[in-house]
Amino acid sequence: MIKSFSELVGNTPLIRLNKLSDSSGCEIFGKAEFLNPGNSVKDRAALSIISEAIASGVLTENGTIVEGTAGNTGIGLTLIGASMGFQTIVVIPETQTQEKKDTLKNVGAHLIEVPAVPYSNPNNYIRYSERLAKELNSTLPGGAFWANQFDNLANQNAHVNTTAPEIYAQTEGKVDAFICSVGTGGTLSGVSKGLRALKPKVKIALVDPFGSALYNYFTEGKLRSEGSSISEGIGQGRITRNLQGLAVDASFRASDDEALNFIYDLLYNEGVSVGLSAGINMVGAFKLAQTLDKGSTIVTILCDHGMRYQSKIFNYEFLKKSALPIPPWMKNNDINIPNVMQ
């Protein structure tokens, strides 16, 4: 019997990624985070951030949660916050998918769209949300709490306390490696800490989209970005507090083309629909497999559902204009369906 919405967060299953496993010679599993109630891995961070804020007294009765987000953390904060009696204000870059914006509005968030500018710009969505929270804290009856997912270690703690032990238990301790991409850094840092405490020899790896600076940071020690990506919610140009102290055993880079091909193949052949960040993660897991012994067990994160990106990764015109891979069912319809209208 579930008594509260927050009890639905976590305990997501591991799905064997059959084609990746069979072709790589390793056992590759995806943690199905799209099955969280808000349909993303960010539900874990949202619950941890809200719970720690309540416990410390910085989020009080009738308070308002304010956050800058690419979308998924905002959805999690809004849903979990509503179940606990809080309103949520979300600041989002205007370049994020319409599906995310519509979802945020539909679940009750007060949505503020701002131009997509670098973190160095004072009107960057993260910095804007911080100023807004400070302003509202003195004017709203219950005050305002800035969630600050990038530098709030409650984000990381969610994965130390839940994701890592779940992975360890679900693999019966046989997990040999974990890999994922980075947005805030909470998932990779948290899972790495949690798994290394349980199995010190586990390998931890990063996969980075083009346009992010972390691949170069972990390979040559410099925050330097190259290229670009249509991915949302991942990629980083600074060392957030959640990233501080993270050590990885390997670092990989994945292109949008590689990720989309993996996404479409997973959906078409295995019936699992995921977003681009999960595609990046699958590319990383496959590349990591090439460096490990055959039969090794690798786990990655299937971050959210593909339908949250319908206007991009399932939009023929967008894909064609961007010179990106187009799924076979958009190009061919080899089923001749007769008209049986009477």
# chains A, B, ... in the order shown; residues from 1 in each chain; ligands from 1

call {"tool": "closest_atom_pairs", "arguments": {"of": "stretch 211-303 of chain A", "to": "stretch 152-157 of chain A", "cutoff": "12 Å", "atoms": "only C-alpha atoms", "output": "JSON lines"}}
result
{"residue": "A:Thr240", "atom": "CA", "partner": "A:Asn152", "partner_atom": "CA", "distance": 9.2}
{"residue": "A:Arg241", "atom": "CA", "partner": "A:Asn152", "partner_atom": "CA", "distance": 7.1}
{"residue": "A:Asn242", "atom": "CA", "partner": "A:Leu153", "partner_atom": "CA", "distance": 5.9}
{"residue": "A:Leu243", "atom": "CA", "partner": "A:Gln156", "partner_atom": "CA", "distance": 8.9}
{"residue": "A:Gln244", "atom": "CA", "partner": "A:Leu153", "partner_atom": "CA", "distance": 10.3}
{"residue": "A:Gly245", "atom": "CA", "partner": "A:Gln156", "partner_atom": "CA", "distance": 12.0}
{"residue": "A:Leu246", "atom": "CA", "partner": "A:Gln156", "partner_atom": "CA", "distance": 11.1}

call {"tool": "select_by_dssp", "arguments": {"residues": "stretch 212-305 of chain A", "states": "strand (DSSP E or B)", "output": "list in words"}}
result
Ala250, Ser251, Phe252, Arg253, Ala254, Thr297, Ile298, Val299, Thr300, Ile301, Leu302 and Asp304 of chain A

call {"tool": "write_last_selection", "arguments": {"atoms": "N, CA, C and O atoms", "output": "tab-separated table (two decimals), in the first residue's frame"}}
result
chain	number	residue	atom	x	y	z
A	250	ALA	N	37.64	5.97	-16.73
A	250	ALA	CA	37.67	6.12	-18.19
A	250	ALA	C	36.68	7.21	-18.59
A	250	ALA	O	35.72	7.51	-17.87
A	251	SER	N	36.96	7.82	-19.73
A	251	SER	CA	36.11	8.89	-20.23
A	251	SER	C	35.90	8.70	-21.73
A	251	SER	O	36.85	8.41	-22.46
A	252	PHE	N	34.66	8.84	-22.17
A	252	PHE	CA	34.32	8.64	-23.57
A	252	PHE	C	33.50	9.81	-24.08
A	252	PHE	O	32.91	10.57	-23.30
A	253	ARG	N	33.44	9.93	-25.39
A	253	ARG	CA	32.61	10.96	-26.02
A	253	ARG	C	31.65	10.28	-26.99
A	253	ARG	O	32.00	9.31	-27.66
A	254	ALA	N	30.42	10.80	-27.06
A	254	ALA	CA	29.40	10.22	-27.93
A	254	ALA	C	28.74	11.31	-28.76
A	254	ALA	O	28.42	12.39	-28.26
A	297	THR	N	29.82	-7.07	-16.37
A	297	THR	CA	28.49	-6.49	-16.19
A	297	THR	C	28.61	-4.97	-16.08
A	297	THR	O	29.29	-4.46	-15.19
A	298	ILE	N	27.93	-4.28	-17.00
A	298	ILE	CA	27.97	-2.82	-17.07
A	298	ILE	C	26.56	-2.29	-16.86
A	298	ILE	O	25.59	-2.81	-17.43
A	299	VAL	N	26.43	-1.24	-16.06
A	299	VAL	CA	25.13	-0.60	-15.83
A	299	VAL	C	25.21	0.86	-16.24
A	299	VAL	O	26.21	1.54	-15.98
A	300	THR	N	24.16	1.33	-16.90
A	300	THR	CA	24.03	2.74	-17.21
A	300	THR	C	22.62	3.21	-16.88
A	300	THR	O	21.80	2.43	-16.37
A	301	ILE	N	22.33	4.46	-17.16
A	301	ILE	CA	21.05	5.07	-16.79
A	301	ILE	C	20.21	5.35	-18.03
A	301	ILE	O	20.68	5.99	-18.98
A	302	LEU	N	18.98	4.86	-18.04
A	302	LEU	CA	18.00	5.24	-19.05
A	302	LEU	C	17.20	6.38	-18.43
A	302	LEU	O	16.22	6.17	-17.72
A	304	ASP	N	15.24	9.17	-19.15
A	304	ASP	CA	13.83	9.56	-19.27
A	304	ASP	C	13.24	8.98	-20.54
A	304	ASP	O	13.91	8.30	-21.31

call {"tool": "closest_residue", "arguments": {"among": "A:Leu8, A:Ala82, A:Ile65, A:Ala205", "to": "A:Ala144", "atoms": "only C-alpha atoms"}}
result
A:Ile65

call {"tool": "select_by_dssp", "arguments": {"residues": "stretch 224-342 of chain A", "states": "helix (DSSP H, G or I)", "output": "PDB file with C-alpha atoms, in the first residue's frame"}}
result
ATOM      1  CA  ASP A 256      24.221  12.697 -31.546  1.00  0.00           C
ATOM      2  CA  ASP A 257      24.323  10.402 -34.577  1.00  0.00           C
ATOM      3  CA  GLU A 258      25.608   7.483 -32.515  1.00  0.00           C
ATOM      4  CA  ALA A 259      23.084   8.110 -29.759  1.00  0.00           C
ATOM      5  CA  LEU A 260      20.094   8.420 -32.092  1.00  0.00           C
ATOM      6  CA  ASN A 261      20.935   5.199 -33.897  1.00  0.00           C
ATOM      7  CA  PHE A 262      21.061   3.377 -30.556  1.00  0.00           C
ATOM      8  CA  ILE A 263      17.770   4.984 -29.462  1.00  0.00           C
ATOM      9  CA  TYR A 264      15.927   4.032 -32.635  1.00  0.00           C
ATOM     10  CA  ASP A 265      17.333   0.518 -32.604  1.00  0.00           C
ATOM     11  CA  LEU A 266      16.301   0.017 -28.957  1.00  0.00           C
ATOM     12  CA  LEU A 267      12.778   1.216 -29.683  1.00  0.00           C
ATOM     13  CA  TYR A 268      12.318  -0.612 -32.987  1.00  0.00           C
ATOM     14  CA  ASN A 269      13.749  -3.946 -31.846  1.00  0.00           C
ATOM     15  CA  GLU A 270      13.264  -4.023 -28.068  1.00  0.00           C
ATOM     16  CA  LEU A 276      18.832  11.425 -26.093  1.00  0.00           C
ATOM     17  CA  SER A 277      20.741  11.428 -22.803  1.00  0.00           C
ATOM     18  CA  ALA A 278      19.965   7.716 -22.458  1.00  0.00           C
ATOM     19  CA  GLY A 279      21.211   7.271 -26.012  1.00  0.00           C
ATOM     20  CA  ILE A 280      24.478   8.998 -25.098  1.00  0.00           C
ATOM     21  CA  ASN A 281      24.721   6.685 -22.079  1.00  0.00           C
ATOM     22  CA  MET A 282      24.179   3.580 -24.228  1.00  0.00           C
ATOM     23  CA  VAL A 283      26.945   4.668 -26.603  1.00  0.00           C
ATOM     24  CA  GLY A 284      29.233   5.121 -23.606  1.00  0.00           C
ATOM     25  CA  ALA A 285      28.335   1.696 -22.205  1.00  0.00           C
ATOM     26  CA  PHE A 286      29.066   0.061 -25.561  1.00  0.00           C
ATOM     27  CA  LYS A 287      32.431   1.825 -25.872  1.00  0.00           C
ATOM     28  CA  LEU A 288      33.311   0.978 -22.273  1.00  0.00           C
ATOM     29  CA  ALA A 289      32.550  -2.688 -23.017  1.00  0.00           C
ATOM     30  CA  GLY A 306      11.656   9.415 -25.541  1.00  0.00           C
ATOM     31  CA  MET A 307       8.222  10.987 -25.871  1.00  0.00           C
ATOM     32  CA  ARG A 308       9.522  13.951 -23.866  1.00  0.00           C
ATOM     33  CA  TYR A 309      11.516  14.842 -27.007  1.00  0.00           C
ATOM     34  CA  GLN A 310       8.973  14.178 -29.725  1.00  0.00           C
ATOM     35  CA  SER A 311       9.534  17.564 -31.382  1.00  0.00           C
ATOM     36  CA  LYS A 312      13.229  16.750 -31.817  1.00  0.00           C
ATOM     37  CA  ILE A 313      14.223  13.116 -32.011  1.00  0.00           C
ATOM     38  CA  TYR A 316      11.194  14.136 -39.408  1.00  0.00           C
ATOM     39  CA  GLU A 317      11.629  17.767 -40.471  1.00  0.00           C
ATOM     40  CA  PHE A 318      13.887  18.594 -37.512  1.00  0.00           C
ATOM     41  CA  LEU A 319      16.061  15.535 -38.092  1.00  0.00           C
ATOM     42  CA  LYS A 320      16.317  16.188 -41.816  1.00  0.00           C
ATOM     43  CA  LYS A 321      17.175  19.868 -41.310  1.00  0.00           C
ATOM     44  CA  PRO A 328      13.473   3.565 -40.453  1.00  0.00           C
ATOM     45  CA  TRP A 329       9.736   3.788 -39.773  1.00  0.00           C
ATOM     46  CA  MET A 330       9.785   7.456 -40.822  1.00  0.00           C
ATOM     47  CA  LYS A 331      11.416   6.592 -44.133  1.00  0.00           C
TER      48      LYS A 331
END

call {"tool": "residues_around", "arguments": {"residues": "A:Glu67", "least_positions_apart": "3", "cutoff": "7 Å", "atoms": "only C-alpha atoms", "output": "list in words"}}
result
Gly74, Ile89, Val90, Val91, Ser129, Trp146, Ala147 and Asn148 of chain A

call {"tool": "write_last_selection", "arguments": {"atoms": "C-alpha atoms", "output": "mmCIF file, in the first residue's frame"}}
result
data_model
loop_
_atom_site.group_PDB
_atom_site.id
_atom_site.type_symbol
_atom_site.label_atom_id
_atom_site.label_comp_id
_atom_site.auth_asym_id
_atom_site.auth_seq_id
_atom_site.Cartn_x
_atom_site.Cartn_y
_atom_site.Cartn_z
ATOM 1 C CA GLY A 74 11.532 20.891 -12.386
ATOM 2 C CA ILE A 89 8.473 28.118 -9.825
ATOM 3 C CA VAL A 90 10.641 26.846 -12.659
ATOM 4 C CA VAL A 91 13.068 28.890 -14.759
ATOM 5 C CA SER A 129 16.542 31.406 -10.568
ATOM 6 C CA TRP A 146 16.221 27.775 -4.121
ATOM 7 C CA ALA A 147 16.730 24.073 -4.910
ATOM 8 C CA ASN A 148 20.154 24.681 -6.533
#

call {"tool": "closest_residue", "arguments": {"among": "A:Asn124, A:Ser296, A:Thr12, A:Ser138", "to": "A:Phe178", "atoms": "only C-alpha atoms"}}
result
A:Ser296

call {"tool": "closest_residue", "arguments": {"among": "A:Ala158, A:Val207, A:Ile326, A:Ile179", "to": "A:Glu52", "atoms": "only C-alpha atoms"}}
result
A:Ala158
